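S.K.: My questions all concern the structure below.
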Amino acid sequence: MLVSRTGDANASGGSTAISGYVGELTVVQQAAPRIPVPWPHQVGLIPNRAQSFQHRVEAAQLRAAVDGGGTAVLCQVLTGTGGVGKTQLAADYARAALESGGVDVLVWITASTSSAIVAGYAQAGVDLLGADPADPEQAAKSFLAWLEPKPGATPCRWLVVLDDLPGPADLHGLWPPTSPSGRTLITTRRRDAALTGSDRRLVTVGMFTPEEASAYLTAALEPHHHHEPADELAALAADLGHLPLALAQAAAYLINSAMDCTAYRQLLADRARTFADVLPEPDALPDGHTTTVAAAWSLSIERADRLRPAGLARPLLQLTAVLDPNGIPTSVLTALPALAYLTEHRTPGEDDSRSGRWGWRRRRQLVSVQDAVDGLRCLHRLSLIDHTPATAHQTVRVHNLIQRAVRESVPTDQHHRLILAAADALTDAWPEVERDTAVAGALRANADALTKQSEEALWHPEAHSVLYRAGRSLGESGQFTATVGHFRCLVANAHDRLGPDHPDTLSTRSNLAFWRGKAGDAAGAADAFTDLLTDQERVLGPDHPHTLTTRNNLTFWRGEAGAADAFADLLTDQERVLGPDHPHTLHTRSNLASWRGKAGDAAGAADAFTDLLTDQERVLGPDTLTTRSNLASWRRKAGDAAGAADAFADLLTDRLRVLGTDHPDTLSTRSELALWRGEAGDAAGAANAFTDLLTDTLRVLGTDHPDTLHTRSELAFWRGKAGDAAGAADAFTGLLADSLRVLGEDHPDTLSTRSELAFWRGRAGDAAGAARAYEHLFAARRRLMGANHPDTFAAWGSFAHWQGQAGDAAGAAEATEQLLEHMVRSLGKDHPPLRILRRNLIHWLEEAQKTNRASSKDRS
């Protein structure tokens, strides 16, 4: 310091006095050294415990922080979608660590940005090390260095909690070090690979369990004297998808509004209201919430949309929002219509706006399948969906409340386009041959979910094909009653929306009639096709292909003795109108061949199917599996057992190749092979084959599928043929109970089961029980089919037979005589079966005379 012309100056302690002119002055002021705070010490505020906090299984997972080998896990990452309670779990863990004396230093940081993390570390550095607060970067580095374990130093047991980390990039260079005396706990919506490692464990936080959710609602409501039935609370929890944040805000709404649970659920289901309408006002949120459920995921969506491939996360999430939350196959979200929607609605990014026409060109270039899959991975990384590619039928899962929030954010003018895009994608992804029954079930569930979202869109300007495809899939799975219900709804909708004479209305009526027949109501199907044919001839004309198809179906379901003649007339018209190679013409030839066999000419049916197969292979290609199956069946019935066996063996090989092991038609072919084995004389082998088939049928189709019931019937039959009559009777007893429950008492399969049960009861020694059962069956067949139906005659004859076997020869003779007289009137006296019936009558008359003579002798 240079001083000139100085004078006297006085300074008090701690200050400086200068007298004179100062040319240059440098003053260095040093702050008094900061004293580090003692342990234990806490940096940052732990969030308050939520009211009605639930102790969850994830809390126990956190506290048992060891890996599979028993080694302590030094860093745990709590991941999950917004609103699942990650912060509350972390706060509970931190609070427990403090209360137990398990940590010396606890640092809680709301890690929403990198700068927030640095600020939190810096504060810890200032408190614990006396670092300079004016240099937060250096203070943060000092703190991280201090956390490093040092030989010989007194170890500090520390816990660092980084709450709501946006992504792994925000921790670049800021990860707490690995230390045997330290623990790190992170909460985030991300689940990137960068968040895991040898010393880190990812803990996925899901929804409340149903029990936890109900307990939470009860604990939240009861202090306010708000008591609800347990079943209503459970139902509300299910409506809200067991999401903790939603449950807390719903409970607050119930308390504030004094509304009961039933009324609130109705309000929640009202599509005219947004989700925000049924939650508390933003200034009345419970437990210190800063956002409503509706806003909880907006930030995650924005972040996902910025990840590569940019701009696809939001439109992908929109597609998932109108489909089934429990499982969407990736094939739907990567189908061409879905890719077109993603291309059209890709969110523009900053680069696009700066790059002008080049950005526009990038956005209009069709999104690829790989881009769509990568977009799903972005949503998965932000915990907005669960994407598990290994599960083909439930690849994508999304919470129902996320779906609702996303749907409500879609602009009104875009909603119709969204529904149609999802419907087109479903149709495009639906395989013509449903090799995988699980995938087929998932596709049906997605079609149902889509219909519930916006039925109006699927009927404008006409019925969308996904409505029919879902119904056909349901029927092909064997759920006939449900299929009839599906098409009844479609008919009502078509009539109301399109009018009674619209082609889609007529087509829907045709589907309903067909599946009524498949469900066992042949008479109802015939009546429905009769009415439909009248309307189609009026609206479409007699030569329209749909009219000709209805004639085909009507003839099939009538099933009268003249069906073969009716099919022959129809075939003439179809060959004239459609040509001999049209698929409908070929189908009529198939029906004609079948009815030829049903009329008693099995060899003729086999020959007709042989000719048909030749033409179908020429027109349609080699995979004419249904015709090959029919040909093999009629060859068997015509007596060519060896040829049928070879044909079924070849058919099974091709069905396995084309349809897969679990397709219903593959299982049906296995059934035919097992049946042939039994008819070739190997009853025990047939029973074993049906035992194996039943195991697979139960696994693939379920206990109540008609094919499962049929397999049980065949197994019971061949079990009896193999010598176990009592076992067969027991099996048919159980089958009858299930047939009555699933199919109803009047279904043809139920009646057949009654017949088999009666027969095997008799063979097992219960002749009287068999007679009673056949008497009831005879009454049912006469009521349903009429007195002149062959099945009615068969039940009548069996009743007479077992009545005689039970010791009532006179009654058997009387019943046989009545049956004989009725059949003579109905069929004529020269009908072949009457010869057997006459011999039976003579036999029972003789037996009755023997009984009378023995009785007279006893009396004398």
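Scheme for the structure tokens: letters A, B, ... for chains in order shown; per-chain residue numbers from 1; ligand numbers from 1 in order shown.
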Apply DSSP to the structure's backbone, then extract all residues of range 30-155 of chain A labelled alpha helix (DSSP H) and return them as JSON, numbers by chain.
M.R.: {"A": [57, 58, 59, 60, 61, 62, 63, 86, 87, 88, 89, 90, 91, 92, 93, 94, 95, 96, 97, 98, 99, 114, 115, 116, 117, 118, 119, 120, 121, 122, 123, 124, 125, 126, 127, 128, 129, 136, 137, 138, 139, 140, 141, 142, 143, 144, 145, 146, 147]}
S.K.: Determine, counting only C-alpha atoms, which protein, DNA and RNA residues have an atom within 8 Å of an atom of range 486-503 of chain A; residues of the same chain fewer than 5 positions away are not included. Present the result as a PyMOL selection string.
M.R.: chain A and resi 459+462-463+467+471+508-509+511-512+535+539
S.K.: Report the closest atom pair, with its distance in Å rounded to one decimal, for each residue of range 796-840 of chain A that has an atom no farther than 12 Å from range 786-790 of chain A; count only C-alpha atoms, sort by chain and then rising residue number, and write it as a tab-separated table.
M.R.:
```
residue	atom	partner	partner_atom	distance
A:Trp796	CA	A:Ala787	CA	9.7
A:Gly797	CA	A:Pro790	CA	10.5
A:Leu819	CA	A:Ala787	CA	10.1
A:Leu820	CA	A:Asn788	CA	11.9
A:Glu821	CA	A:Asn788	CA	11.9
A:His822	CA	A:Asn788	CA	8.2
A:Met823	CA	A:Asn788	CA	7.6
A:Val824	CA	A:Asn788	CA	10.7
A:Arg825	CA	A:Asn788	CA	9.7
A:Ser826	CA	A:Asn788	CA	6.7
A:Leu827	CA	A:Asn788	CA	8.7
A:Pro833	CA	A:Pro790	CA	10.7
```
S.K.: Record the distance separating CA of Thr110 in chain A and CA of Val160 in chain A, expressed in Å with one decimal.
M.R.: 11.0 Å
S.K.: Quick check for you: according to DSSP on this backbone, which residues of range 120-328 of chain A are classed as strand (DSSP E or B)? Reply as number ranges by chain.
M.R.: A: 158-165, 182-188, 197, 200-204, 328
S.K.: Which residues, written as JSON, numbers by chain, have at least one atom at most 9 Å from Ala605 in chain A, with only C-alpha atoms counted and residues fewer than 4 positions away on the same chain left out?
M.R.: {"A": [592, 593, 594, 595, 596, 597, 598, 601, 609, 610, 631, 634, 635, 638]}
S.K.: Keeping N, CA and C atoms, export the residues of the selection given above as an mmCIF file, in the first residue's frame.
M.R.:
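Resulting contents of selection.cif:
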```
data_model
loop_
_atom_site.group_PDB
_atom_site.id
_atom_site.type_symbol
_atom_site.label_atom_id
_atom_site.label_comp_id
_atom_site.auth_asym_id
_atom_site.auth_seq_id
_atom_site.Cartn_x
_atom_site.Cartn_y
_atom_site.Cartn_z
ATOM 1 N N LEU A 592 -73.914 -80.314 -49.326
ATOM 2 C CA LEU A 592 -74.651 -81.346 -50.057
ATOM 3 C C LEU A 592 -74.036 -82.726 -49.809
ATOM 4 N N ALA A 593 -72.710 -82.787 -49.794
ATOM 5 C CA ALA A 593 -72.048 -84.062 -49.539
ATOM 6 C C ALA A 593 -72.352 -84.554 -48.125
ATOM 7 N N SER A 594 -72.339 -83.633 -47.149
ATOM 8 C CA SER A 594 -72.625 -84.029 -45.765
ATOM 9 C C SER A 594 -74.035 -84.572 -45.631
ATOM 10 N N TRP A 595 -75.001 -83.912 -46.241
ATOM 11 C CA TRP A 595 -76.377 -84.369 -46.117
ATOM 12 C C TRP A 595 -76.603 -85.677 -46.863
ATOM 13 N N ARG A 596 -75.819 -85.909 -47.879
ATOM 14 C CA ARG A 596 -75.891 -87.209 -48.553
ATOM 15 C C ARG A 596 -75.479 -88.311 -47.585
ATOM 16 N N GLY A 597 -74.411 -88.031 -46.814
ATOM 17 C CA GLY A 597 -73.992 -89.005 -45.819
ATOM 18 C C GLY A 597 -75.005 -89.165 -44.710
ATOM 19 N N LYS A 598 -75.581 -88.044 -44.245
ATOM 20 C CA LYS A 598 -76.571 -88.120 -43.174
ATOM 21 C C LYS A 598 -77.818 -88.869 -43.596
ATOM 22 N N ASP A 601 -75.977 -92.507 -47.048
ATOM 23 C CA ASP A 601 -75.049 -92.888 -48.103
ATOM 24 C C ASP A 601 -73.651 -92.394 -47.743
ATOM 25 N N PHE A 609 -66.915 -85.770 -51.343
ATOM 26 C CA PHE A 609 -65.849 -84.976 -50.716
ATOM 27 C C PHE A 609 -64.516 -85.180 -51.430
ATOM 28 N N THR A 610 -64.295 -86.365 -51.996
ATOM 29 C CA THR A 610 -63.076 -86.591 -52.780
ATOM 30 C C THR A 610 -63.042 -85.667 -53.988
ATOM 31 N N LEU A 631 -63.753 -85.556 -45.377
ATOM 32 C CA LEU A 631 -63.522 -86.750 -46.199
ATOM 33 C C LEU A 631 -63.065 -87.921 -45.333
ATOM 34 N N TRP A 634 -66.080 -89.349 -43.316
ATOM 35 C CA TRP A 634 -67.043 -90.158 -44.079
ATOM 36 C C TRP A 634 -66.401 -91.433 -44.611
ATOM 37 N N ARG A 635 -65.104 -91.423 -44.839
ATOM 38 C CA ARG A 635 -64.434 -92.678 -45.199
ATOM 39 C C ARG A 635 -64.507 -93.653 -44.032
ATOM 40 N N ALA A 638 -67.925 -94.969 -43.818
ATOM 41 C CA ALA A 638 -68.224 -95.876 -44.934
ATOM 42 C C ALA A 638 -67.514 -97.213 -44.795
#
```
S.K.: Can you tell me, as a VMD selection string, what residues are no more than 12 Å from Thr530 in chain A when counting only C-alpha atoms, ignoring any on the same chain fewer than 2 positions away?
M.R.: chain A and resid 509 to 510 513 to 514 523 to 528 532 to 537 547 550 to 558
S.K.: Take the residues just selected and output them with N, CA and C atoms as a PDB file, in the first residue's frame.
M.R.:
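Contents of the output file selection-v2.pdb:
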```
ATOM      1  N   ARG A 509     -77.879 -59.822 -38.848  1.00  0.00           N
ATOM      2  CA  ARG A 509     -78.941 -60.798 -38.567  1.00  0.00           C
ATOM      3  C   ARG A 509     -78.517 -62.199 -38.997  1.00  0.00           C
ATOM      4  N   SER A 510     -77.815 -62.300 -40.113  1.00  0.00           N
ATOM      5  CA  SER A 510     -77.331 -63.600 -40.580  1.00  0.00           C
ATOM      6  C   SER A 510     -76.361 -64.207 -39.573  1.00  0.00           C
ATOM      7  N   ALA A 513     -78.330 -65.472 -36.502  1.00  0.00           N
ATOM      8  CA  ALA A 513     -79.047 -66.716 -36.776  1.00  0.00           C
ATOM      9  C   ALA A 513     -78.088 -67.908 -36.798  1.00  0.00           C
ATOM     10  N   PHE A 514     -76.940 -67.721 -37.446  1.00  0.00           N
ATOM     11  CA  PHE A 514     -75.964 -68.811 -37.534  1.00  0.00           C
ATOM     12  C   PHE A 514     -75.510 -69.267 -36.153  1.00  0.00           C
ATOM     13  N   ALA A 523     -83.894 -74.887 -34.364  1.00  0.00           N
ATOM     14  CA  ALA A 523     -85.203 -74.406 -34.807  1.00  0.00           C
ATOM     15  C   ALA A 523     -85.231 -72.880 -34.848  1.00  0.00           C
ATOM     16  N   GLY A 524     -84.667 -72.240 -33.814  1.00  0.00           N
ATOM     17  CA  GLY A 524     -84.614 -70.783 -33.803  1.00  0.00           C
ATOM     18  C   GLY A 524     -83.765 -70.239 -34.935  1.00  0.00           C
ATOM     19  N   ALA A 525     -82.660 -70.926 -35.255  1.00  0.00           N
ATOM     20  CA  ALA A 525     -81.812 -70.503 -36.364  1.00  0.00           C
ATOM     21  C   ALA A 525     -82.574 -70.599 -37.677  1.00  0.00           C
ATOM     22  N   ALA A 526     -83.302 -71.692 -37.860  1.00  0.00           N
ATOM     23  CA  ALA A 526     -84.070 -71.866 -39.099  1.00  0.00           C
ATOM     24  C   ALA A 526     -85.138 -70.781 -39.240  1.00  0.00           C
ATOM     25  N   ASP A 527     -85.835 -70.487 -38.156  1.00  0.00           N
ATOM     26  CA  ASP A 527     -86.858 -69.428 -38.209  1.00  0.00           C
ATOM     27  C   ASP A 527     -86.230 -68.075 -38.543  1.00  0.00           C
ATOM     28  N   ALA A 528     -85.080 -67.799 -37.923  1.00  0.00           N
ATOM     29  CA  ALA A 528     -84.415 -66.517 -38.171  1.00  0.00           C
ATOM     30  C   ALA A 528     -83.951 -66.417 -39.616  1.00  0.00           C
ATOM     31  N   LEU A 532     -85.058 -63.743 -42.509  1.00  0.00           N
ATOM     32  CA  LEU A 532     -83.993 -62.995 -43.180  1.00  0.00           C
ATOM     33  C   LEU A 532     -84.069 -63.184 -44.689  1.00  0.00           C
ATOM     34  N   LEU A 533     -84.346 -64.407 -45.128  1.00  0.00           N
ATOM     35  CA  LEU A 533     -84.408 -64.674 -46.567  1.00  0.00           C
ATOM     36  C   LEU A 533     -85.511 -63.839 -47.225  1.00  0.00           C
ATOM     37  N   THR A 534     -86.634 -63.727 -46.545  1.00  0.00           N
ATOM     38  CA  THR A 534     -87.723 -62.901 -47.089  1.00  0.00           C
ATOM     39  C   THR A 534     -87.273 -61.461 -47.285  1.00  0.00           C
ATOM     40  N   ASP A 535     -86.608 -60.908 -46.292  1.00  0.00           N
ATOM     41  CA  ASP A 535     -86.157 -59.515 -46.379  1.00  0.00           C
ATOM     42  C   ASP A 535     -85.040 -59.343 -47.400  1.00  0.00           C
ATOM     43  N   GLN A 536     -84.129 -60.311 -47.490  1.00  0.00           N
ATOM     44  CA  GLN A 536     -83.039 -60.190 -48.455  1.00  0.00           C
ATOM     45  C   GLN A 536     -83.553 -60.286 -49.884  1.00  0.00           C
ATOM     46  N   GLU A 537     -84.507 -61.171 -50.131  1.00  0.00           N
ATOM     47  CA  GLU A 537     -85.071 -61.256 -51.477  1.00  0.00           C
ATOM     48  C   GLU A 537     -85.764 -59.952 -51.857  1.00  0.00           C
ATOM     49  N   THR A 547     -78.140 -63.438 -50.500  1.00  0.00           N
ATOM     50  CA  THR A 547     -79.414 -64.168 -50.492  1.00  0.00           C
ATOM     51  C   THR A 547     -79.155 -65.656 -50.685  1.00  0.00           C
ATOM     52  N   THR A 550     -77.870 -67.195 -47.542  1.00  0.00           N
ATOM     53  CA  THR A 550     -78.938 -67.410 -46.565  1.00  0.00           C
ATOM     54  C   THR A 550     -79.742 -68.657 -46.906  1.00  0.00           C
ATOM     55  N   ARG A 551     -79.984 -68.902 -48.198  1.00  0.00           N
ATOM     56  CA  ARG A 551     -80.675 -70.147 -48.582  1.00  0.00           C
ATOM     57  C   ARG A 551     -79.863 -71.349 -48.121  1.00  0.00           C
ATOM     58  N   ASN A 552     -78.551 -71.273 -48.279  1.00  0.00           N
ATOM     59  CA  ASN A 552     -77.667 -72.351 -47.823  1.00  0.00           C
ATOM     60  C   ASN A 552     -77.829 -72.577 -46.327  1.00  0.00           C
ATOM     61  N   ASN A 553     -77.717 -71.487 -45.557  1.00  0.00           N
ATOM     62  CA  ASN A 553     -77.814 -71.602 -44.102  1.00  0.00           C
ATOM     63  C   ASN A 553     -79.185 -72.089 -43.662  1.00  0.00           C
ATOM     64  N   LEU A 554     -80.229 -71.602 -44.314  1.00  0.00           N
ATOM     65  CA  LEU A 554     -81.584 -72.019 -43.950  1.00  0.00           C
ATOM     66  C   LEU A 554     -81.759 -73.518 -44.151  1.00  0.00           C
ATOM     67  N   THR A 555     -81.297 -74.010 -45.278  1.00  0.00           N
ATOM     68  CA  THR A 555     -81.414 -75.441 -45.549  1.00  0.00           C
ATOM     69  C   THR A 555     -80.637 -76.258 -44.523  1.00  0.00           C
ATOM     70  N   PHE A 556     -79.440 -75.790 -44.186  1.00  0.00           N
ATOM     71  CA  PHE A 556     -78.613 -76.520 -43.219  1.00  0.00           C
ATOM     72  C   PHE A 556     -79.302 -76.609 -41.875  1.00  0.00           C
ATOM     73  N   TRP A 557     -79.835 -75.494 -41.379  1.00  0.00           N
ATOM     74  CA  TRP A 557     -80.378 -75.495 -40.029  1.00  0.00           C
ATOM     75  C   TRP A 557     -81.781 -76.091 -39.962  1.00  0.00           C
ATOM     76  N   ARG A 558     -82.477 -76.132 -41.085  1.00  0.00           N
ATOM     77  CA  ARG A 558     -83.752 -76.853 -41.074  1.00  0.00           C
ATOM     78  C   ARG A 558     -83.488 -78.343 -40.874  1.00  0.00           C
TER      79      ARG A 558
END
```
S.K.: Please list as a PDB file with N, CA and C atoms, in the first residue's frame every residue within 12 Å of Ala632 in chain A, counting only C-alpha atoms and excluding residues in the same chain fewer than 5 positions away.
M.R.:
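The result, written out as selection25.pdb:
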```
ATOM      1  N   ALA A 602     -73.012 -93.077 -46.798  1.00  0.00           N
ATOM      2  CA  ALA A 602     -71.691 -92.646 -46.346  1.00  0.00           C
ATOM      3  C   ALA A 602     -70.669 -92.763 -47.465  1.00  0.00           C
ATOM      4  N   ALA A 603     -70.727 -93.822 -48.255  1.00  0.00           N
ATOM      5  CA  ALA A 603     -69.776 -93.993 -49.354  1.00  0.00           C
ATOM      6  C   ALA A 603     -69.943 -92.888 -50.386  1.00  0.00           C
ATOM      7  N   ALA A 605     -71.087 -89.898 -49.802  1.00  0.00           N
ATOM      8  CA  ALA A 605     -70.564 -88.668 -49.202  1.00  0.00           C
ATOM      9  C   ALA A 605     -69.044 -88.629 -49.331  1.00  0.00           C
ATOM     10  N   ALA A 606     -68.375 -89.759 -49.085  1.00  0.00           N
ATOM     11  CA  ALA A 606     -66.917 -89.808 -49.210  1.00  0.00           C
ATOM     12  C   ALA A 606     -66.486 -89.516 -50.642  1.00  0.00           C
ATOM     13  N   ASP A 607     -67.208 -90.087 -51.618  1.00  0.00           N
ATOM     14  CA  ASP A 607     -66.875 -89.820 -53.029  1.00  0.00           C
ATOM     15  C   ASP A 607     -67.065 -88.346 -53.362  1.00  0.00           C
ATOM     16  N   ALA A 608     -68.160 -87.751 -52.853  1.00  0.00           N
ATOM     17  CA  ALA A 608     -68.428 -86.334 -53.143  1.00  0.00           C
ATOM     18  C   ALA A 608     -67.348 -85.443 -52.530  1.00  0.00           C
ATOM     19  N   PHE A 609     -66.915 -85.770 -51.343  1.00  0.00           N
ATOM     20  CA  PHE A 609     -65.849 -84.976 -50.716  1.00  0.00           C
ATOM     21  C   PHE A 609     -64.516 -85.180 -51.430  1.00  0.00           C
ATOM     22  N   THR A 610     -64.295 -86.365 -51.996  1.00  0.00           N
ATOM     23  CA  THR A 610     -63.076 -86.591 -52.780  1.00  0.00           C
ATOM     24  C   THR A 610     -63.042 -85.667 -53.988  1.00  0.00           C
ATOM     25  N   LEU A 613     -62.562 -82.027 -52.855  1.00  0.00           N
ATOM     26  CA  LEU A 613     -61.198 -81.733 -52.440  1.00  0.00           C
ATOM     27  C   LEU A 613     -60.310 -81.439 -53.649  1.00  0.00           C
ATOM     28  N   LEU A 625     -58.137 -77.852 -45.164  1.00  0.00           N
ATOM     29  CA  LEU A 625     -58.112 -78.778 -44.028  1.00  0.00           C
ATOM     30  C   LEU A 625     -59.500 -79.272 -43.648  1.00  0.00           C
ATOM     31  N   THR A 626     -60.502 -78.393 -43.712  1.00  0.00           N
ATOM     32  CA  THR A 626     -61.848 -78.797 -43.294  1.00  0.00           C
ATOM     33  C   THR A 626     -62.395 -79.890 -44.199  1.00  0.00           C
ATOM     34  N   THR A 627     -62.210 -79.731 -45.496  1.00  0.00           N
ATOM     35  CA  THR A 627     -62.707 -80.745 -46.430  1.00  0.00           C
ATOM     36  C   THR A 627     -61.966 -82.063 -46.235  1.00  0.00           C
ATOM     37  N   LYS A 637     -66.853 -93.674 -41.698  1.00  0.00           N
ATOM     38  CA  LYS A 637     -68.236 -94.129 -41.562  1.00  0.00           C
ATOM     39  C   LYS A 637     -68.641 -95.081 -42.686  1.00  0.00           C
ATOM     40  N   ALA A 638     -67.925 -94.969 -43.818  1.00  0.00           N
ATOM     41  CA  ALA A 638     -68.224 -95.876 -44.934  1.00  0.00           C
ATOM     42  C   ALA A 638     -67.514 -97.213 -44.795  1.00  0.00           C
ATOM     43  N   GLY A 639     -66.726 -97.360 -43.727  1.00  0.00           N
ATOM     44  CA  GLY A 639     -66.091 -98.639 -43.460  1.00  0.00           C
ATOM     45  C   GLY A 639     -64.616 -98.703 -43.806  1.00  0.00           C
ATOM     46  N   ASP A 640     -64.056 -97.630 -44.352  1.00  0.00           N
ATOM     47  CA  ASP A 640     -62.640 -97.630 -44.716  1.00  0.00           C
ATOM     48  C   ASP A 640     -61.825 -97.118 -43.530  1.00  0.00           C
ATOM     49  N   ALA A 641     -61.714 -97.958 -42.499  1.00  0.00           N
ATOM     50  CA  ALA A 641     -61.064 -97.523 -41.272  1.00  0.00           C
ATOM     51  C   ALA A 641     -59.585 -97.228 -41.495  1.00  0.00           C
ATOM     52  N   ALA A 642     -58.915 -98.080 -42.258  1.00  0.00           N
ATOM     53  CA  ALA A 642     -57.482 -97.882 -42.472  1.00  0.00           C
ATOM     54  C   ALA A 642     -57.228 -96.593 -43.245  1.00  0.00           C
ATOM     55  N   GLY A 643     -58.021 -96.363 -44.305  1.00  0.00           N
ATOM     56  CA  GLY A 643     -57.864 -95.140 -45.091  1.00  0.00           C
ATOM     57  C   GLY A 643     -58.149 -93.903 -44.269  1.00  0.00           C
ATOM     58  N   ALA A 644     -59.160 -93.997 -43.407  1.00  0.00           N
ATOM     59  CA  ALA A 644     -59.495 -92.864 -42.548  1.00  0.00           C
ATOM     60  C   ALA A 644     -58.380 -92.579 -41.575  1.00  0.00           C
ATOM     61  N   ALA A 645     -57.787 -93.632 -41.016  1.00  0.00           N
ATOM     62  CA  ALA A 645     -56.712 -93.432 -40.052  1.00  0.00           C
ATOM     63  C   ALA A 645     -55.522 -92.731 -40.697  1.00  0.00           C
ATOM     64  N   ASP A 646     -55.151 -93.177 -41.902  1.00  0.00           N
ATOM     65  CA  ASP A 646     -54.031 -92.542 -42.605  1.00  0.00           C
ATOM     66  C   ASP A 646     -54.352 -91.086 -42.921  1.00  0.00           C
ATOM     67  N   ALA A 647     -55.590 -90.840 -43.332  1.00  0.00           N
ATOM     68  CA  ALA A 647     -55.980 -89.468 -43.688  1.00  0.00           C
ATOM     69  C   ALA A 647     -55.939 -88.555 -42.468  1.00  0.00           C
ATOM     70  N   PHE A 648     -56.419 -89.053 -41.330  1.00  0.00           N
ATOM     71  CA  PHE A 648     -56.400 -88.226 -40.119  1.00  0.00           C
ATOM     72  C   PHE A 648     -54.967 -87.995 -39.634  1.00  0.00           C
ATOM     73  N   ALA A 649     -54.103 -88.993 -39.794  1.00  0.00           N
ATOM     74  CA  ALA A 649     -52.708 -88.816 -39.388  1.00  0.00           C
ATOM     75  C   ALA A 649     -52.037 -87.730 -40.231  1.00  0.00           C
ATOM     76  N   ASP A 650     -52.264 -87.782 -41.551  1.00  0.00           N
ATOM     77  CA  ASP A 650     -51.701 -86.745 -42.431  1.00  0.00           C
ATOM     78  C   ASP A 650     -52.304 -85.383 -42.106  1.00  0.00           C
ATOM     79  N   LEU A 651     -53.607 -85.374 -41.851  1.00  0.00           N
ATOM     80  CA  LEU A 651     -54.283 -84.117 -41.548  1.00  0.00           C
ATOM     81  C   LEU A 651     -53.733 -83.495 -40.258  1.00  0.00           C
ATOM     82  N   LEU A 652     -53.476 -84.345 -39.254  1.00  0.00           N
ATOM     83  CA  LEU A 652     -52.941 -83.820 -37.998  1.00  0.00           C
ATOM     84  C   LEU A 652     -51.573 -83.164 -38.221  1.00  0.00           C
ATOM     85  N   THR A 669     -58.886 -82.761 -34.520  1.00  0.00           N
ATOM     86  CA  THR A 669     -58.295 -83.846 -35.307  1.00  0.00           C
ATOM     87  C   THR A 669     -57.726 -84.925 -34.391  1.00  0.00           C
ATOM     88  N   GLU A 672     -60.580 -87.028 -33.455  1.00  0.00           N
ATOM     89  CA  GLU A 672     -60.970 -87.965 -34.511  1.00  0.00           C
ATOM     90  C   GLU A 672     -60.031 -89.172 -34.537  1.00  0.00           C
ATOM     91  N   LEU A 673     -58.735 -88.925 -34.359  1.00  0.00           N
ATOM     92  CA  LEU A 673     -57.784 -90.035 -34.340  1.00  0.00           C
ATOM     93  C   LEU A 673     -58.036 -90.969 -33.155  1.00  0.00           C
ATOM     94  N   TRP A 676     -61.101 -93.004 -33.966  1.00  0.00           N
ATOM     95  CA  TRP A 676     -60.809 -94.097 -34.904  1.00  0.00           C
ATOM     96  C   TRP A 676     -60.121 -95.252 -34.181  1.00  0.00           C
TER      97      TRP A 676
END
```
S.K.: Need the shell around range 842-855 of chain A: protein/DNA/RNA residues with any atom at most 6 Å away, counting only C-alpha atoms. Skip same-chain ones fewer than 6 positions apart. Format as a list in words?
M.R.: Ala809, Ala810 and Ala813 of chain A
S.K.: Work out how far apart CA of Thr187 in chain A and CA of Val118 in chain A are and give it in Å to one decimal.
M.R.: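 Between CA of Thr187 in chain A and CA of Val118 in chain A the gap works out to 16.9 Å.
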